[in-house]
$ cat data35.txt   # compact mmCIF, C-alpha atoms
# COMPACT_ATOMS: atom_id res chain seq x y z
CA MET A 157 200.84 118.04 161.31
CA LYS A 158 199.04 121.36 161.20
CA SER A 159 197.78 123.21 164.23
CA ARG A 160 194.13 124.11 164.66
CA GLN A 161 195.00 127.68 163.80
CA GLU A 162 196.63 126.61 160.52
CA LEU A 163 193.72 124.33 159.67
CA GLY A 164 191.27 127.11 160.42
CA LYS A 165 192.97 129.26 157.82
CA SER A 166 193.29 126.47 155.25
CA ARG A 167 191.74 127.10 151.86
CA ARG A 168 189.54 124.17 150.97
CA TRP A 169 187.03 122.51 153.31
CA VAL A 170 184.46 119.76 152.99
CA ILE A 171 181.67 120.18 155.55
CA LYS A 172 179.27 117.32 156.26
CA VAL A 173 176.04 117.72 158.20
CA GLY A 174 174.09 114.69 159.38
CA SER A 175 170.40 113.99 158.87
CA SER A 176 169.57 114.21 162.59
CA LEU A 177 170.85 117.78 162.59
CA VAL A 178 169.33 118.80 159.26
CA THR A 179 165.88 117.39 160.09
CA ARG A 180 165.62 117.93 163.87
CA ASP A 181 165.90 114.19 164.50
CA GLY A 182 163.47 113.39 161.69
CA LYS A 183 160.85 116.05 162.46
CA GLY A 184 161.42 118.06 159.28
CA LEU A 185 164.03 120.50 158.05
CA ASP A 186 165.53 122.68 160.77
CA HIS A 187 165.30 126.01 158.95
CA GLU A 188 167.02 128.05 161.65
CA GLN A 189 169.96 125.67 161.98
CA ILE A 190 170.43 125.47 158.22
CA LYS A 191 170.30 129.27 158.11
CA ALA A 192 173.06 129.43 160.74
CA TRP A 193 175.30 127.02 158.80
CA VAL A 194 174.75 128.93 155.57
CA GLU A 195 175.62 132.24 157.22
CA GLN A 196 178.86 130.76 158.56
CA ILE A 197 179.74 129.17 155.22
CA CYS A 198 179.20 132.48 153.46
CA ALA A 199 181.44 134.15 156.04
CA LEU A 200 184.10 131.53 155.34
CA ARG A 201 183.82 132.22 151.62
CA ALA A 202 184.33 135.92 152.29
CA GLU A 203 187.64 134.91 153.90
CA LYS A 204 188.65 133.10 150.66
CA HIS A 205 187.77 129.58 151.82
CA GLN A 206 186.34 127.17 149.25
CA ILE A 207 183.55 125.01 150.65
CA VAL A 208 181.96 121.75 149.54
CA LEU A 209 178.84 120.97 151.58
CA VAL A 210 177.81 117.33 152.00
CA SER A 211 174.30 117.12 153.42
CA SER A 212 172.24 114.16 154.52
CA GLY A 213 168.54 114.46 155.22
CA SER A 214 166.70 113.67 152.00
CA VAL A 215 165.10 110.45 153.28
CA ALA A 216 164.07 112.01 156.59
CA GLU A 217 162.58 115.06 154.87
CA GLY A 218 160.80 112.80 152.39
CA LEU A 219 159.12 110.90 155.22
CA VAL A 220 157.80 114.17 156.63
CA ARG A 221 156.54 115.39 153.25
CA LEU A 222 154.80 112.10 152.52
CA GLY A 223 153.23 112.00 155.98
CA TRP A 224 154.86 108.68 156.90
CA ASP A 225 155.25 108.20 160.65
CA LYS A 226 157.76 105.37 160.43
CA ARG A 227 160.80 104.77 158.27
CA PRO A 228 159.75 102.10 155.74
CA THR A 229 161.67 98.89 155.25
CA SER A 230 160.97 98.59 151.54
CA LEU A 231 163.87 99.78 149.39
CA ASN A 232 161.44 101.26 146.84
CA ASP A 233 159.70 103.27 149.55
CA LEU A 234 163.01 104.50 150.93
CA GLN A 235 164.17 105.57 147.49
CA ALA A 236 160.82 107.27 146.82
CA ALA A 237 161.15 109.16 150.11
CA ALA A 238 164.68 110.19 149.15
CA ALA A 239 163.50 111.51 145.79
CA VAL A 240 160.72 113.57 147.39
CA GLY A 241 162.91 114.78 150.24
CA GLN A 242 165.78 115.79 147.98
CA MET A 243 163.55 118.46 146.42
CA GLY A 244 162.94 120.09 149.79
CA LEU A 245 166.57 119.79 150.83
CA VAL A 246 167.89 121.46 147.70
CA GLN A 247 165.24 124.19 147.79
CA GLU A 248 166.16 124.96 151.38
CA TYR A 249 169.87 125.35 150.69
CA GLU A 250 169.29 127.25 147.44
CA SER A 251 166.97 129.79 149.09
CA LYS A 252 169.25 130.32 152.08
CA PHE A 253 172.41 130.80 149.99
CA GLN A 254 170.60 133.08 147.56
CA GLN A 255 169.92 135.44 150.45
CA HIS A 256 173.69 136.00 150.45
CA ASP A 257 173.94 136.16 146.63
CA VAL A 258 175.82 132.85 146.60
CA HIS A 259 175.11 130.26 143.92
CA THR A 260 174.82 126.57 144.75
CA ALA A 261 174.99 123.42 142.64
CA GLN A 262 173.33 120.10 143.33
CA VAL A 263 175.77 117.20 142.98
CA LEU A 264 174.53 113.63 143.52
CA PHE A 265 177.02 110.77 143.75
CA THR A 266 177.05 107.06 144.28
CA HIS A 267 180.07 105.29 145.69
CA GLU A 268 180.42 103.63 142.28
CA ASP A 269 181.14 107.08 140.85
CA MET A 270 184.16 107.25 143.13
CA ALA A 271 185.33 103.73 142.29
CA ASP A 272 185.30 104.26 138.52
CA ARG A 273 188.40 106.25 137.55
CA GLN A 274 186.81 107.95 134.53
CA ARG A 275 183.77 109.09 136.51
CA TYR A 276 186.00 110.00 139.44
CA LEU A 277 188.09 112.34 137.30
CA ASN A 278 185.02 113.83 135.66
CA ALA A 279 183.54 114.52 139.09
CA ARG A 280 186.79 116.06 140.29
CA SER A 281 186.98 118.35 137.27
CA THR A 282 183.38 119.48 137.76
CA LEU A 283 183.76 120.16 141.48
CA ASN A 284 187.03 122.01 141.00
CA ARG A 285 185.45 124.17 138.31
CA LEU A 286 182.44 124.94 140.51
CA LEU A 287 184.74 125.99 143.34
CA ASP A 288 186.78 128.16 141.00
CA LEU A 289 183.53 129.84 139.92
CA GLY A 290 182.67 130.64 143.53
CA VAL A 291 179.80 128.15 143.66
CA VAL A 292 179.03 126.05 146.74
CA PRO A 293 178.45 122.42 145.65
CA VAL A 294 175.79 120.71 147.78
CA VAL A 295 176.61 117.01 147.65
CA ASN A 296 174.44 114.08 148.64
CA GLU A 297 174.32 110.43 147.79
CA ASN A 298 172.04 109.61 144.88
CA ASP A 299 169.65 107.68 147.07
CA THR A 300 167.16 106.97 144.28
CA VAL A 301 169.65 104.61 142.62
CA ALA A 302 172.13 103.79 145.40
CA ILE A 303 171.57 101.79 148.55
CA GLU A 304 174.66 102.50 150.68
CA GLU A 305 173.17 105.58 152.32
CA LEU A 306 169.88 103.80 152.88
CA ARG A 307 171.60 100.85 154.49
CA PHE A 308 174.01 102.71 156.72
CA GLY A 309 172.13 105.98 157.20
CA ASP A 310 175.38 107.85 156.95
CA ASN A 311 177.20 110.14 154.54
CA ASP A 312 180.47 110.24 156.48
CA ARG A 313 182.21 108.01 153.97
CA LEU A 314 180.90 110.01 151.03
CA ALA A 315 182.18 113.21 152.65
CA ALA A 316 185.63 111.65 153.05
CA LEU A 317 185.60 110.59 149.41
CA ALA A 318 184.66 114.15 148.47
CA ALA A 319 187.61 115.40 150.53
CA ASN A 320 189.88 113.05 148.57
CA LEU A 321 188.24 114.14 145.34
CA VAL A 322 188.91 117.86 145.73
CA GLU A 323 192.10 117.39 147.79
CA ALA A 324 190.58 119.29 150.72
CA ASP A 325 192.72 120.55 153.56
CA LEU A 326 190.03 119.91 156.15
CA LEU A 327 186.99 117.67 156.56
CA VAL A 328 184.46 118.90 159.12
CA ILE A 329 181.82 116.40 160.26
CA LEU A 330 179.01 118.04 162.21
CA THR A 331 177.06 115.62 164.37
CA ASP A 332 174.74 115.48 167.35
CA GLN A 333 177.65 114.70 169.68
CA ALA A 334 180.31 117.12 170.94
CA GLY A 335 183.06 114.99 169.44
CA MET A 336 184.72 111.69 170.31
CA PHE A 337 184.98 110.61 173.94
CA ASP A 338 187.37 108.12 175.53
CA SER A 339 184.34 106.11 176.67
CA ASP A 340 180.59 106.19 176.19
CA PRO A 341 179.30 109.46 177.75
CA ARG A 342 175.80 107.98 177.93
CA SER A 343 176.90 105.37 180.48
CA ASN A 344 180.01 107.02 181.95
CA GLU A 345 179.55 110.51 183.36
CA ASN A 346 183.34 110.79 183.67
CA ALA A 347 183.94 110.27 179.96
CA SER A 348 186.38 112.82 178.56
CA LEU A 349 186.22 114.52 175.20
CA LEU A 350 189.32 113.81 173.10
CA GLU A 351 190.63 117.11 171.77
CA SER A 352 193.23 115.77 169.33
CA VAL A 353 194.13 112.25 168.20
CA ASN A 354 196.28 110.56 165.60
CA VAL A 355 193.94 109.13 162.98
CA ASP A 356 195.94 105.88 162.84
CA ASP A 357 195.77 105.23 166.59
CA VAL A 358 194.42 101.67 166.88
CA ASN A 359 192.94 102.45 170.31
CA LEU A 360 190.30 104.66 168.69
CA ASP A 361 188.34 101.68 167.41
CA ALA A 362 187.95 100.20 170.87
CA MET A 363 186.87 103.56 172.29
CA ALA A 364 184.22 103.96 169.60
CA SER A 365 182.79 100.44 169.76
CA GLY A 366 179.87 99.63 171.97
CA SER A 367 176.16 99.02 172.13
CA GLY A 368 173.43 101.28 170.86
CA THR A 369 172.28 102.08 167.36
CA LEU A 370 174.07 105.40 167.38
CA GLY A 371 177.21 104.13 169.13
CA ARG A 372 178.73 107.43 170.33
CA GLY A 373 177.01 109.30 167.53
CA GLY A 374 178.07 106.75 164.94
CA MET A 375 181.70 107.42 165.83
CA ILE A 376 182.99 104.26 164.15
CA THR A 377 181.97 105.60 160.75
CA LYS A 378 183.51 108.95 161.56
CA ILE A 379 186.84 107.35 162.45
CA GLN A 380 186.70 105.45 159.17
CA ALA A 381 185.89 108.66 157.33
CA ALA A 382 188.78 110.49 159.00
CA ARG A 383 191.17 107.73 157.95
CA MET A 384 189.86 107.84 154.42
CA ALA A 385 190.26 111.63 154.26
CA ALA A 386 193.80 111.26 155.59
CA ARG A 387 194.73 109.33 152.43
CA SER A 388 194.95 112.68 150.67
CA GLY A 389 196.39 114.40 153.74
CA ALA A 390 193.20 116.04 155.03
CA ALA A 391 192.67 116.52 158.75
CA THR A 392 189.19 115.93 160.18
CA VAL A 393 187.27 117.73 162.90
CA VAL A 394 184.22 115.98 164.38
CA ALA A 395 182.13 118.45 166.34
CA GLY A 396 178.64 119.16 167.60
CA GLY A 397 176.67 120.90 164.88
CA ARG A 398 173.87 122.52 166.83
CA GLY A 399 175.88 125.51 167.94
CA ASN A 400 175.31 128.60 165.84
CA GLN A 401 179.01 129.43 165.59
CA VAL A 402 180.75 126.06 165.37
CA LEU A 403 182.20 126.66 161.89
CA LYS A 404 183.35 130.12 162.89
CA GLN A 405 185.03 128.66 165.97
CA ILE A 406 186.86 126.06 163.86
CA ALA A 407 187.98 128.78 161.44
CA GLU A 408 189.36 130.79 164.34
CA GLY A 409 191.40 127.82 165.56
CA GLU A 410 189.42 127.18 168.71
CA SER A 411 189.55 123.74 170.32
CA VAL A 412 186.13 122.54 169.18
CA GLY A 413 185.23 118.86 168.96
CA THR A 414 187.86 116.24 168.19
CA LEU A 415 190.68 116.84 165.71
CA PHE A 416 191.85 113.75 163.82
CA GLN A 417 195.36 114.47 162.62
CA PRO A 418 196.67 112.66 159.50
CA ALA A 419 200.02 110.93 159.74
CA ALA A 420 201.38 112.70 156.66
CA GLY A 421 200.87 115.97 154.79
CA PRO A 422 198.67 116.16 151.67
CA LEU A 423 201.36 115.62 149.06
CA ALA A 424 203.20 112.93 151.02
CA ALA A 425 199.99 111.01 151.72
CA ARG A 426 198.90 111.17 148.09
CA LYS A 427 202.25 109.95 146.82
CA GLN A 428 202.32 107.13 149.36
CA TRP A 429 198.97 106.05 147.95
CA LEU A 430 200.31 106.16 144.40
CA ALA A 431 203.45 104.23 145.30
CA SER A 432 201.49 101.52 147.13
CA HIS A 433 199.54 100.31 144.08
CA MET A 434 200.51 96.81 143.04
CA VAL A 435 198.46 96.44 139.85
CA ILE A 436 199.73 98.75 137.12
CA PRO A 437 197.86 98.43 133.78
CA GLY A 438 200.42 100.16 131.59
CA LYS A 439 203.81 101.73 131.15
CA LEU A 440 205.22 104.83 129.49
CA GLN A 441 208.78 104.59 128.22
CA LEU A 442 210.44 108.00 128.42
CA ASP A 443 213.39 109.47 126.60
CA ALA A 444 216.57 110.36 128.49
CA GLY A 445 215.68 114.04 128.59
CA ALA A 446 212.32 113.41 130.23
CA VAL A 447 213.89 111.06 132.78
CA LYS A 448 216.43 113.72 133.71
CA VAL A 449 213.76 116.41 134.07
CA LEU A 450 211.58 114.23 136.30
CA GLN A 451 214.41 113.09 138.54
CA ALA A 452 216.31 116.37 138.79
CA SER A 453 213.55 118.96 138.71
CA GLY A 454 210.41 117.19 139.90
CA LYS A 455 208.40 118.56 137.00
CA SER A 456 205.35 117.15 135.23
CA LEU A 457 205.59 114.62 132.42
CA LEU A 458 204.77 116.25 129.09
CA PRO A 459 203.82 114.39 125.87
CA VAL A 460 207.11 115.34 124.22
CA GLY A 461 209.02 113.13 126.67
CA VAL A 462 207.08 109.92 125.96
CA ARG A 463 208.63 107.47 123.47
CA THR A 464 206.51 104.32 123.75
CA VAL A 465 203.15 103.34 125.23
CA ILE A 466 202.90 99.82 126.67
CA GLY A 467 199.62 98.23 127.75
CA ASP A 468 196.01 99.35 127.63
CA PHE A 469 194.75 101.83 130.19
CA GLN A 470 192.12 104.51 130.60
CA ARG A 471 192.36 108.12 131.70
CA GLY A 472 193.00 108.24 135.44
CA ALA A 473 194.84 104.93 135.63
CA ILE A 474 198.07 104.61 137.59
CA VAL A 475 200.86 103.88 135.10
CA SER A 476 204.54 103.17 135.44
CA CYS A 477 207.20 105.43 133.89
CA ILE A 478 210.30 103.58 132.73
CA ASP A 479 213.59 104.70 131.22
CA GLU A 480 215.08 103.46 127.95
CA GLN A 481 216.56 100.43 129.75
CA GLY A 482 213.16 99.44 131.18
CA LYS A 483 213.87 100.54 134.76
CA GLU A 484 210.87 101.99 136.60
CA ILE A 485 211.66 105.54 137.72
CA ALA A 486 208.20 106.84 138.64
CA ARG A 487 204.49 106.17 138.56
CA GLY A 488 201.46 108.39 138.50
CA LEU A 489 197.88 109.15 137.46
CA VAL A 490 197.72 109.60 133.71
CA ASN A 491 195.49 112.29 132.19
CA TYR A 492 194.85 110.45 128.92
CA SER A 493 194.10 106.91 127.77
CA ALA A 494 196.72 104.65 126.22
CA ALA A 495 195.34 105.28 122.72
CA GLU A 496 195.41 109.04 123.26
CA VAL A 497 198.93 109.07 124.71
CA ASP A 498 200.05 107.02 121.71
CA LYS A 499 198.77 109.79 119.42
CA ILE A 500 200.35 112.68 121.33
CA LYS A 501 203.66 111.06 122.34
CA GLY A 502 206.72 113.00 121.27
CA GLN A 503 204.63 116.09 120.53
CA ALA A 504 204.36 119.51 122.13
CA SER A 505 201.43 120.08 124.49
CA SER A 506 200.12 122.73 122.09
CA GLU A 507 199.39 119.94 119.59
CA ILE A 508 197.13 117.89 121.87
CA MET A 509 193.93 119.52 120.61
CA ASN A 510 194.86 118.95 116.98
CA LEU A 511 195.84 115.34 117.55
CA ILE A 512 192.97 114.00 119.68
CA GLY A 513 190.28 116.68 119.37
CA TYR A 514 190.29 117.98 122.94
CA ILE A 515 192.68 118.99 125.69
CA ASP A 516 192.07 118.07 129.30
CA GLU A 517 195.49 118.88 130.74
CA PRO A 518 198.76 119.97 129.05
CA GLU A 519 200.59 117.23 130.96
CA VAL A 520 200.42 113.50 130.50
CA ILE A 521 201.00 113.21 134.26
CA HIS A 522 200.95 116.25 136.55
CA ARG A 523 203.77 116.46 139.08
CA ASP A 524 201.32 116.41 141.99
CA ASN A 525 200.11 113.02 140.74
CA LEU A 526 203.61 111.64 140.16
CA VAL A 527 205.87 109.85 142.63
CA LEU A 528 209.55 109.10 141.95
CA LEU A 529 210.77 105.62 142.85
$ encode --input "data35.txt" --output "structure tokens"
Amino acid sequence: MKSRQELGKSRRWVIKVGSSLVTRDGKGLDHEQIKAWVEQICALRAEKHQIVLVSSGSVAEGLVRLGWDKRPTSLNDLQAAAAVGQMGLVQEYESKFQQHDVHTAQVLFTHEDMADRQRYLNARSTLNRLLDLGVVPVVNENDTVAIEELRFGDNDRLAALAANLVEADLLVILTDQAGMFDSDPRSNENASLLESVNVDDVNLDAMASGSGTLGRGGMITKIQAARMAARSGAATVVAGGRGNQVLKQIAEGESVGTLFQPAAGPLAARKQWLASHMVIPGKLQLDAGAVKVLQASGKSLLPVGVRTVIGDFQRGAIVSCIDEQGKEIARGLVNYSAAEVDKIKGQASSEIMNLIGYIDEPEVIHRDNLVLL
């Protein structure tokens, strides 16, 4: 587990801001608050942090722009409001970041994008490249075609998926509550703010359950998001977002909000996830040299070490690596499809372009995506 000071200095963050904060509880975009967040994010970037911003608020802003007093129940109306509101949301972030000479990129996802391995890997490559270019991706759910956000009114889960996607060190969820309390602060004046908890603590669910549409600021979804982020080893801080310096305070290691600590570090958590998969669509039989390199040195699997491709799988699938006797020695996320690996097997990485017409990665499986068994 990392301390707050270590997390504050960590390189890659995903920051999620909720619609109630962005739109002043549905009254329209809060220009001053957005300005404060942008200033803090730009300060973080100056300290070499990489930031992905996940922002709700398109539906709420759309209602204001269309002059609708009440949130409609029709899915078409909700999606229309999201489409209109997204324009204002993006314009707001773009103009505020441009004041600091920082470029932004609009990225719209559906949860289906995260479930499909090919689209997942494409999204990961794009986000990683944007971060390497110094761009701040502004992520939202694609509400005009997806219904999860419209049903649940929450982007917490999408933010956690984004944290998994870019292998973030820290997920920050800014909300209208100070953090998570041990009981409902609305009905118990003696409720205490939890400063640090283990994300797998089963008692958290009982503390977060209760009546009310917001339910401790929607804390159930935030616990779920923290657990999802922990799959790739990310810690999560849930904190009140209306303070002008909350991100700065987190960066400086101050005890702000509630820290959800993952049970394992990033690499260990990721490899546990890889090892836990029961359905494996294909196998790669390796030569003795490749087996020795993987087991002794913990290096990546290169095309030259692959002898035979078994099964049919797509890029991003979890495949099994077996030795010449058929014993499984490892498994991992493959960078190429079965047909492509069949063409490049036994060859040097420098030949990948010539053999299949493009090169995504020089490895068939990168060591960070490989777990020895």
$ atom_distance --input "data35.txt" --atom1 "atom CA of A:Lys483" --atom2 "atom CA of A:Glu517"
26.3 Å
$ closest_residue --input "data35.txt" --among "A:Ser176, A:Ser159, A:Thr414, A:Asn510" --to "A:Asp332" --atoms "all atoms listed in the file"
A:Ser176
$ closest_residue --input "data35.txt" --among "A:Ser411, A:Glu297, A:Met384, A:Val240" --to "A:Ser352" --atoms "all atoms listed in the file"
A:Ser411
$ closest_residue --input "data35.txt" --among "A:Val465, A:Val220, A:Val178, A:Val402" --to "A:Ala238" --atoms "all atoms listed in the file"
A:Val220
$ closest_residue --input "data35.txt" --among "A:Asp516, A:Asp299, A:Asp288, A:Asp479" --to "A:Ser212" --atoms "all atoms listed in the file"
A:Asp299
$ residues_around --input "data35.txt" --residues "stretch 243-247 of chain A" --least-positions-apart "4" --cutoff "8 Å" --atoms "all atoms listed in the file" --output "MDAnalysis selection string"
chainID A and resid 185 213:214 217 239 251 262 294
$ closest_residue --input "data35.txt" --among "A:Lys501, A:Lys427, A:His259, A:Arg398" --to "A:Gln441" --atoms "only C-alpha atoms"
A:Lys501
$ closest_residue --input "data35.txt" --among "A:Leu277, A:Leu350, A:Val215, A:Ala364" --to "A:Val393" --atoms "all atoms listed in the file"
A:Leu350
$ axis_aligned_box --input "data35.txt" --around "stretch 399-407 of chain A" --padding-each-side "3 Å" --output "AutoDock Vina command-line options"
--center_x 181.6 --center_y 127.8 --center_z 164.7 --size_x 18.7 --size_y 10.6 --size_z 12.5
$ atom_distance --input "data35.txt" --atom1 "atom CA of A:Thr377" --atom2 "atom CA of A:Leu415"
15.1 Å
$ atom_distance --input "data35.txt" --atom1 "atom CA of A:Asp443" --atom2 "atom CA of A:Thr464"
9.1 Å
$ residues_around --input "data35.txt" --residues "A:Leu511" --least-positions-apart "2" --cutoff "7 Å" --atoms "only C-alpha atoms" --output "list in words"
Lys499, Ile500, Glu507, Ile508, Met509 and Gly513 of chain A
$ residues_around --input "data35.txt" --residues "A:Ile521" --least-positions-apart "5" --cutoff "8 Å" --atoms "all atoms listed in the file" --output "number ranges by chain"
A: 456-458, 488-491, 526
$ write_last_selection --input "data35.txt" --atoms "C-alpha atoms" --output "PDB file, in the coordinates of the input"
ATOM      1  CA  SER A 456     205.350 117.150 135.230  1.00  0.00           C
ATOM      2  CA  LEU A 457     205.590 114.620 132.420  1.00  0.00           C
ATOM      3  CA  LEU A 458     204.770 116.250 129.090  1.00  0.00           C
ATOM      4  CA  GLY A 488     201.460 108.390 138.500  1.00  0.00           C
ATOM      5  CA  LEU A 489     197.880 109.150 137.460  1.00  0.00           C
ATOM      6  CA  VAL A 490     197.720 109.600 133.710  1.00  0.00           C
ATOM      7  CA  ASN A 491     195.490 112.290 132.190  1.00  0.00           C
ATOM      8  CA  LEU A 526     203.610 111.640 140.160  1.00  0.00           C
TER       9      LEU A 526
END
$ residues_around --input "data35.txt" --residues "A:Ala318" --least-positions-apart "3" --cutoff "12 Å" --atoms "all atoms listed in the file" --output "NGL selection string"
:A and (168-172 or 207-211 or 263-267 or 269-270 or 276-277 or 279-280 or 283-284 or 293-297 or 311-315 or 321-328 or 381-382 or 384-388 or 390)
$ decode --input "data35.txt" --residues "stretch 387-412 of chain A" --atoms "N, CA and C atoms" --output "PDB file, in the first residue's frame"
ATOM      1  N   ARG A 387      -8.525  -3.321  -9.468  1.00  0.00           N
ATOM      2  CA  ARG A 387      -8.147  -4.485 -10.275  1.00  0.00           C
ATOM      3  C   ARG A 387      -6.809  -4.261 -10.980  1.00  0.00           C
ATOM      4  N   SER A 388      -6.521  -3.005 -11.288  1.00  0.00           N
ATOM      5  CA  SER A 388      -5.227  -2.707 -11.909  1.00  0.00           C
ATOM      6  C   SER A 388      -4.294  -2.047 -10.900  1.00  0.00           C
ATOM      7  N   GLY A 389      -4.654  -2.109  -9.621  1.00  0.00           N
ATOM      8  CA  GLY A 389      -3.775  -1.625  -8.568  1.00  0.00           C
ATOM      9  C   GLY A 389      -3.919  -0.167  -8.216  1.00  0.00           C
ATOM     10  N   ALA A 390      -4.899   0.532  -8.784  1.00  0.00           N
ATOM     11  CA  ALA A 390      -5.056   1.955  -8.507  1.00  0.00           C
ATOM     12  C   ALA A 390      -5.738   2.177  -7.163  1.00  0.00           C
ATOM     13  N   ALA A 391      -5.256   3.148  -6.413  1.00  0.00           N
ATOM     14  CA  ALA A 391      -5.948   3.611  -5.217  1.00  0.00           C
ATOM     15  C   ALA A 391      -6.992   4.637  -5.641  1.00  0.00           C
ATOM     16  N   THR A 392      -7.965   4.878  -4.775  1.00  0.00           N
ATOM     17  CA  THR A 392      -9.030   5.841  -5.081  1.00  0.00           C
ATOM     18  C   THR A 392      -9.205   6.802  -3.917  1.00  0.00           C
ATOM     19  N   VAL A 393      -9.328   8.072  -4.237  1.00  0.00           N
ATOM     20  CA  VAL A 393      -9.689   9.086  -3.239  1.00  0.00           C
ATOM     21  C   VAL A 393     -11.038   9.656  -3.622  1.00  0.00           C
ATOM     22  N   VAL A 394     -12.003   9.592  -2.705  1.00  0.00           N
ATOM     23  CA  VAL A 394     -13.310  10.221  -2.885  1.00  0.00           C
ATOM     24  C   VAL A 394     -13.345  11.446  -1.988  1.00  0.00           C
ATOM     25  N   ALA A 395     -13.527  12.614  -2.593  1.00  0.00           N
ATOM     26  CA  ALA A 395     -13.429  13.853  -1.822  1.00  0.00           C
ATOM     27  C   ALA A 395     -14.418  14.884  -2.333  1.00  0.00           C
ATOM     28  N   GLY A 396     -14.705  15.864  -1.478  1.00  0.00           N
ATOM     29  CA  GLY A 396     -15.558  16.970  -1.883  1.00  0.00           C
ATOM     30  C   GLY A 396     -14.882  17.809  -2.947  1.00  0.00           C
ATOM     31  N   GLY A 397     -15.625  18.120  -4.013  1.00  0.00           N
ATOM     32  CA  GLY A 397     -15.018  18.795  -5.149  1.00  0.00           C
ATOM     33  C   GLY A 397     -15.206  20.285  -5.195  1.00  0.00           C
ATOM     34  N   ARG A 398     -15.912  20.851  -4.247  1.00  0.00           N
ATOM     35  CA  ARG A 398     -16.215  22.281  -4.336  1.00  0.00           C
ATOM     36  C   ARG A 398     -15.114  23.166  -3.768  1.00  0.00           C
ATOM     37  N   GLY A 399     -14.142  22.582  -3.121  1.00  0.00           N
ATOM     38  CA  GLY A 399     -13.016  23.378  -2.651  1.00  0.00           C
ATOM     39  C   GLY A 399     -12.102  23.747  -3.814  1.00  0.00           C
ATOM     40  N   ASN A 400     -11.560  24.934  -3.774  1.00  0.00           N
ATOM     41  CA  ASN A 400     -10.729  25.400  -4.885  1.00  0.00           C
ATOM     42  C   ASN A 400      -9.365  24.734  -4.947  1.00  0.00           C
ATOM     43  N   GLN A 401      -8.958  24.063  -3.873  1.00  0.00           N
ATOM     44  CA  GLN A 401      -7.607  23.495  -3.838  1.00  0.00           C
ATOM     45  C   GLN A 401      -7.592  22.000  -3.546  1.00  0.00           C
ATOM     46  N   VAL A 402      -8.704  21.314  -3.768  1.00  0.00           N
ATOM     47  CA  VAL A 402      -8.770  19.905  -3.371  1.00  0.00           C
ATOM     48  C   VAL A 402      -7.743  19.049  -4.103  1.00  0.00           C
ATOM     49  N   LEU A 403      -7.528  19.276  -5.397  1.00  0.00           N
ATOM     50  CA  LEU A 403      -6.555  18.477  -6.135  1.00  0.00           C
ATOM     51  C   LEU A 403      -5.137  18.795  -5.674  1.00  0.00           C
ATOM     52  N   LYS A 404      -4.888  20.038  -5.392  1.00  0.00           N
ATOM     53  CA  LYS A 404      -3.581  20.444  -4.867  1.00  0.00           C
ATOM     54  C   LYS A 404      -3.329  19.777  -3.521  1.00  0.00           C
ATOM     55  N   GLN A 405      -4.350  19.730  -2.674  1.00  0.00           N
ATOM     56  CA  GLN A 405      -4.204  19.101  -1.363  1.00  0.00           C
ATOM     57  C   GLN A 405      -3.897  17.610  -1.497  1.00  0.00           C
ATOM     58  N   ILE A 406      -4.576  16.945  -2.432  1.00  0.00           N
ATOM     59  CA  ILE A 406      -4.318  15.517  -2.656  1.00  0.00           C
ATOM     60  C   ILE A 406      -2.890  15.323  -3.143  1.00  0.00           C
ATOM     61  N   ALA A 407      -2.447  16.181  -4.048  1.00  0.00           N
ATOM     62  CA  ALA A 407      -1.087  16.078  -4.583  1.00  0.00           C
ATOM     63  C   ALA A 407      -0.034  16.283  -3.503  1.00  0.00           C
ATOM     64  N   GLU A 408      -0.371  17.092  -2.506  1.00  0.00           N
ATOM     65  CA  GLU A 408       0.573  17.356  -1.426  1.00  0.00           C
ATOM     66  C   GLU A 408       0.478  16.334  -0.301  1.00  0.00           C
ATOM     67  N   GLY A 409      -0.358  15.311  -0.484  1.00  0.00           N
ATOM     68  CA  GLY A 409      -0.437  14.227   0.484  1.00  0.00           C
ATOM     69  C   GLY A 409      -1.285  14.515   1.693  1.00  0.00           C
ATOM     70  N   GLU A 410      -2.101  15.563   1.622  1.00  0.00           N
ATOM     71  CA  GLU A 410      -2.949  15.891   2.763  1.00  0.00           C
ATOM     72  C   GLU A 410      -4.090  14.876   2.904  1.00  0.00           C
ATOM     73  N   SER A 411      -4.601  14.742   4.106  1.00  0.00           N
ATOM     74  CA  SER A 411      -5.668  13.782   4.387  1.00  0.00           C
ATOM     75  C   SER A 411      -7.016  14.382   3.989  1.00  0.00           C
ATOM     76  N   VAL A 412      -7.303  14.320   2.703  1.00  0.00           N
ATOM     77  CA  VAL A 412      -8.533  14.878   2.147  1.00  0.00           C
ATOM     78  C   VAL A 412      -9.456  13.732   1.744  1.00  0.00           C
TER      79      VAL A 412
END
